[in-house]
$ cat start32.cif   # mmCIF, C-alpha atoms
data_input
loop_
_atom_site.label_atom_id
_atom_site.label_comp_id
_atom_site.auth_asym_id
_atom_site.auth_seq_id
_atom_site.Cartn_x
_atom_site.Cartn_y
_atom_site.Cartn_z
CA MET A 1 17.71 28.90 198.19
CA PHE A 2 20.28 31.47 199.37
CA ASN A 3 22.93 30.00 197.02
CA GLN A 4 20.58 30.35 194.04
CA LEU A 5 19.71 33.91 195.05
CA PHE A 6 23.41 34.73 195.37
CA ARG A 7 24.12 33.28 191.90
CA TYR A 8 21.34 35.44 190.45
CA PHE A 9 22.88 38.43 192.22
CA LEU A 10 26.29 37.69 190.68
CA SER A 11 24.72 37.20 187.24
CA GLY A 12 22.99 40.55 187.61
CA LEU A 13 26.26 42.21 188.56
CA ALA A 14 27.99 40.64 185.56
CA VAL A 15 25.40 42.28 183.30
CA LEU A 16 25.15 45.63 185.08
CA ILE A 17 28.77 46.44 185.94
CA PRO A 18 30.07 46.81 182.35
CA ILE A 19 27.00 48.84 181.33
CA TRP A 20 27.05 51.00 184.44
CA GLY A 21 30.83 51.43 184.23
CA THR A 22 30.68 52.62 180.64
CA PHE A 23 27.97 55.20 181.29
CA TYR A 24 29.55 56.27 184.59
CA ILE A 25 32.89 56.97 182.94
CA LEU A 26 31.34 58.76 179.96
CA TYR A 27 29.10 60.90 182.21
CA HIS A 28 31.98 61.96 184.46
CA LEU A 29 34.21 62.61 181.46
CA ILE A 30 31.54 64.89 179.96
CA VAL A 31 31.03 66.73 183.28
CA TRP A 32 34.80 67.07 183.77
CA ILE A 33 35.26 68.54 180.28
CA ASP A 34 32.28 70.90 180.79
CA ASN A 35 33.82 72.13 184.08
CA LEU A 36 37.28 72.43 182.51
CA LEU A 37 36.03 74.72 179.74
CA SER A 38 35.16 78.26 180.66
CA ILE A 39 32.76 78.42 177.70
CA ASN A 40 29.21 77.66 178.76
CA ILE A 41 27.86 75.92 175.65
CA PRO A 42 25.38 73.11 176.41
CA GLY A 43 26.46 69.84 174.81
CA LEU A 44 30.04 70.90 174.10
CA GLY A 45 31.40 68.33 176.56
CA LEU A 46 29.33 65.63 174.87
CA LEU A 47 30.68 66.66 171.48
CA ILE A 48 34.27 66.62 172.72
CA VAL A 49 33.82 63.16 174.31
CA PHE A 50 32.31 61.92 171.03
CA VAL A 51 35.33 63.24 169.09
CA ILE A 52 37.71 61.61 171.61
CA VAL A 53 35.96 58.22 171.33
CA VAL A 54 35.98 58.44 167.50
CA ASN A 55 39.71 59.22 167.56
CA ILE A 56 40.37 56.26 169.87
CA GLY A 57 38.48 54.09 167.39
CA LEU A 58 40.61 55.50 164.58
CA LEU A 59 43.81 54.80 166.51
CA ALA A 60 42.62 51.25 167.20
CA LYS A 61 42.43 50.65 163.44
CA ILE A 62 46.05 51.58 162.75
CA PHE A 63 49.07 49.51 163.78
CA ILE A 64 50.19 51.69 166.71
CA GLY A 65 46.69 51.64 168.14
CA LYS A 66 46.45 47.88 167.78
CA SER A 67 49.65 47.35 169.75
CA MET A 68 48.31 49.67 172.47
CA ILE A 69 45.07 47.68 172.56
CA VAL A 70 47.03 44.42 172.89
CA PHE A 71 49.01 45.97 175.76
CA LEU A 72 45.80 47.14 177.44
CA ASP A 73 44.27 43.67 177.00
CA ARG A 74 47.28 42.07 178.69
CA CYS A 75 47.14 44.54 181.60
CA MET A 76 43.38 44.10 182.11
CA GLY A 77 43.81 40.31 181.86
CA LYS A 78 46.12 40.29 184.89
CA ILE A 79 43.78 42.04 187.32
CA PRO A 80 41.69 39.56 189.36
CA VAL A 81 37.89 39.87 188.96
CA VAL A 82 38.32 42.79 186.53
CA SER A 83 39.84 40.42 183.97
CA VAL A 84 36.74 38.21 183.96
CA LEU A 85 34.40 41.18 183.47
CA TYR A 86 36.66 42.84 180.90
CA LYS A 87 37.15 39.70 178.80
CA GLY A 88 33.45 38.87 178.82
CA PHE A 89 32.42 42.41 177.93
CA LYS A 90 35.06 42.59 175.21
CA GLU A 91 34.05 39.27 173.64
CA VAL A 92 30.37 40.21 173.52
CA THR A 93 31.18 43.65 172.11
CA GLU A 94 33.43 42.17 169.42
CA ALA A 95 30.82 39.55 168.56
CA LEU A 96 28.18 42.22 168.04
CA MET A 97 30.19 45.14 166.61
CA GLY A 98 33.73 43.97 165.82
CA ASP A 99 35.38 43.33 162.46
CA GLN A 100 34.57 39.62 162.71
CA LYS A 101 30.91 39.75 163.70
CA LYS A 102 29.78 36.44 165.15
CA PHE A 103 26.03 36.98 164.79
CA ASP A 104 25.93 37.48 161.02
CA LYS A 105 24.44 34.09 160.07
CA PRO A 106 20.79 34.08 161.16
CA VAL A 107 19.17 30.65 160.95
CA LEU A 108 15.86 28.90 161.54
CA VAL A 109 16.24 25.57 163.36
CA THR A 110 13.62 22.83 163.28
CA LEU A 111 13.37 21.49 166.83
CA SER A 112 10.77 18.79 166.30
CA GLU A 113 8.60 17.12 163.70
CA ASP A 114 5.64 19.11 165.07
CA ALA A 115 6.88 22.23 163.25
CA VAL A 116 8.46 23.89 166.28
CA TYR A 117 11.14 26.32 165.15
CA ARG A 118 13.73 28.44 166.90
CA LEU A 119 15.61 31.47 165.57
CA GLY A 120 19.32 31.69 166.26
CA PHE A 121 22.74 32.44 164.85
CA MET A 122 25.16 29.89 163.43
CA THR A 123 28.48 30.67 165.11
CA GLN A 124 30.61 27.70 163.94
CA ASP A 125 30.20 25.95 160.57
CA THR A 126 31.70 22.64 161.68
CA ILE A 127 32.18 21.05 165.07
CA GLU A 128 34.14 17.85 165.52
CA LEU A 129 33.69 16.05 168.82
CA ALA A 130 35.60 12.99 169.93
CA GLY A 131 33.35 9.96 170.24
CA VAL A 132 30.53 11.38 168.13
CA GLY A 133 31.74 9.78 164.92
CA ASP A 134 30.94 11.21 161.53
CA LEU A 135 27.86 13.09 162.73
CA PRO A 136 28.09 16.60 161.24
CA LEU A 137 27.33 19.33 163.75
CA VAL A 138 27.27 23.12 163.73
CA ALA A 139 27.15 25.52 166.68
CA VAL A 140 24.00 27.65 166.93
CA TYR A 141 23.56 30.42 169.51
CA PHE A 142 19.99 31.00 170.69
CA PRO A 143 19.63 34.34 172.50
CA HIS A 144 17.05 34.62 175.27
CA SER A 145 14.18 37.08 175.07
CA TYR A 146 14.26 40.08 177.43
CA ASN A 147 17.72 39.09 178.61
CA PHE A 148 21.38 39.38 177.63
CA SER A 149 22.09 35.69 177.75
CA GLY A 150 21.54 32.62 175.62
CA ASN A 151 22.46 29.01 174.98
CA VAL A 152 24.68 27.31 172.44
CA TYR A 153 23.45 24.03 170.95
CA LEU A 154 25.20 21.65 168.60
CA VAL A 155 22.74 21.02 165.78
CA ASN A 156 22.60 18.73 162.78
CA PRO A 157 22.99 20.97 159.68
CA LYS A 158 19.97 19.26 158.08
CA LYS A 159 17.79 20.93 160.74
CA ILE A 160 19.01 24.44 159.81
CA LYS A 161 17.80 26.85 157.15
CA PRO A 162 19.55 30.20 156.64
CA VAL A 163 17.33 33.25 157.01
CA GLU A 164 17.99 36.22 154.73
CA VAL A 165 17.76 39.06 157.26
CA LYS A 166 20.23 41.39 158.93
CA GLY A 167 21.73 39.91 162.09
CA GLY A 168 20.85 43.05 164.08
CA ASP A 169 17.20 42.87 163.03
CA MET A 170 17.04 39.20 164.02
CA MET A 171 18.63 39.97 167.40
CA LYS A 172 16.08 42.76 168.07
CA PHE A 173 13.25 40.37 167.19
CA ILE A 174 14.52 37.62 169.50
CA VAL A 175 15.52 39.81 172.46
CA SER A 176 12.20 41.69 172.33
CA GLY A 177 10.28 38.43 172.51
CA GLY A 178 8.98 38.95 168.97
CA VAL A 179 7.51 42.38 169.73
CA VAL A 180 9.97 44.40 167.61
CA ASN A 181 9.69 43.10 164.06
CA GLU A 182 11.84 45.00 161.58
CA MET A 183 12.56 41.91 159.52
CA HIS A 184 10.76 40.20 156.72
CA PRO A 185 12.56 36.85 156.68
CA LYS A 186 12.95 34.87 153.51
CA ILE A 187 13.94 31.29 154.20
CA LEU A 188 16.60 30.17 151.74
CA ASP A 189 16.44 26.76 150.09
CA GLN A 190 19.47 24.63 150.58
#

$ encode --input "start32.cif" --output "C-alpha cells"
Amino acid sequence: MFNQLFRYFLSGLAVLIPIWGTFYILYHLIVWIDNLLSINIPGLGLLIVFVIVVNIGLLAKIFIGKSMIVFLDRCMGKIPVVSVLYKGFKEVTEALMGDQKKFDKPVLVTLSEDAVYRLGFMTQDTIELAGVGDLPLVAVYFPHSYNFSGNVYLVNPKKIKPVEVKGGDMMKFIVSGGVVNEMHPKILDQ
C-alpha cells in the first residue's frame, strides 16, 4: 500500500513540478522587473516578460537560436532527475504546440461489436512488430479524462475512422470528460 501511495506521489510531482516551475519563474521574473523599474505602472512587468518570451520564441526559430536550444537541451539532459522532468515536459509541449504537432489526427476507434467507441489521436501511421506478421497496426493515443496522462494502443486500421475536428477541440472534449464540447465531429468515410 505504501509503495502504491509513493508511486502516486511521484506521479503527482511529475505533473506539478513543470507547471509550478514555469509559473514560479514567470511570477518572480515579473516581480523582479517591477521592482527594477522605478516607474509604477501596473502590468508593465507582465508586458516586459511577454515581450521577452516572444523574443526568445523568435530566436528559437532562427539558426542561432536553434543551436542555443540544442546546447540547452544537452546541458539539461546531463543533470540527474532534472533531465527526466525536462525531457518529458519538452516532449509533451512539442507534441501539443510544436512545429510537428503529434495530436493532429483525431480518430474514432471501434472497440467492440457492441458499438463501443473511443476517441483518440493517431500518432504513428504504421507500426511493424517482430513476430506479428503482416498484421497492419497504427499507434493511437487515448488521453484520460480529468488527467494529464493516457495510454497508447496498437490498433488495426480497419477499426479507425478519422474525425474532421481540430485536435485541440478533441483534446478539450476528452480531458473534460465530454463536458466541454466545442466540436461538431464529422466522421469521414474511408

$ closest_residue --input "start32.cif" --among "A:Met170, A:Leu29, A:Ile79, A:Ile17" --to "Lys105 of chain A" --atoms "only C-alpha atoms"
A:Met170

$ closest_residue --input "start32.cif" --among "A:Gly177, A:Phe9, A:Asp73, A:Leu26" --to "Glu91 of chain A" --atoms "all atoms listed in the file"
A:Asp73

$ resolve_selection --input "start32.cif" --expression "the PyMOL selection byres ((chain A and resi 137) around 6)" --output "short mmCIF file (atom, residue, chain, number, x, y, z; two decimals) with C-alpha atoms, in the frame of the given file"
data_model
loop_
_atom_site.label_atom_id
_atom_site.label_comp_id
_atom_site.auth_asym_id
_atom_site.auth_seq_id
_atom_site.Cartn_x
_atom_site.Cartn_y
_atom_site.Cartn_z
CA THR A 126 31.70 22.64 161.68
CA ILE A 127 32.18 21.05 165.07
CA PRO A 136 28.09 16.60 161.24
CA VAL A 138 27.27 23.12 163.73
CA LEU A 154 25.20 21.65 168.60
CA VAL A 155 22.74 21.02 165.78
CA ASN A 156 22.60 18.73 162.78
#

$ atom_distance --input "start32.cif" --atom1 "atom CA of Val163 of chain A" --atom2 "atom CA of Ser149 of chain A"
21.4 Å

$ atom_distance --input "start32.cif" --atom1 "atom CA of Phe142 of chain A" --atom2 "atom CA of Thr22 of chain A"
26.1 Å

$ atom_distance --input "start32.cif" --atom1 "atom CA of Phe121 of chain A" --atom2 "atom CA of Lys158 of chain A"
15.1 Å

$ resolve_selection --input "start32.cif" --expression "the PyMOL selection byres ((chain A and resi 48) around 12)" --output "number ranges by chain"
A: 26, 29-34, 36-37, 41-47, 49-55

$ residues_around --input "start32.cif" --residues "Met171 of chain A" --least-positions-apart "5" --cutoff "9 Å" --atoms "only C-alpha atoms" --output "list in words"
Phe103, Pro106, Gly120, Phe121, Pro143, Lys166 and Ser176 of chain A

$ residues_near_point --input "start32.cif" --point "(14.3, 34.1, 164.4)" --cutoff "7 Å" --atoms "only C-alpha atoms" --output "NGL selection string"
:A and (107-108 or 118-120 or 170 or 173-174)
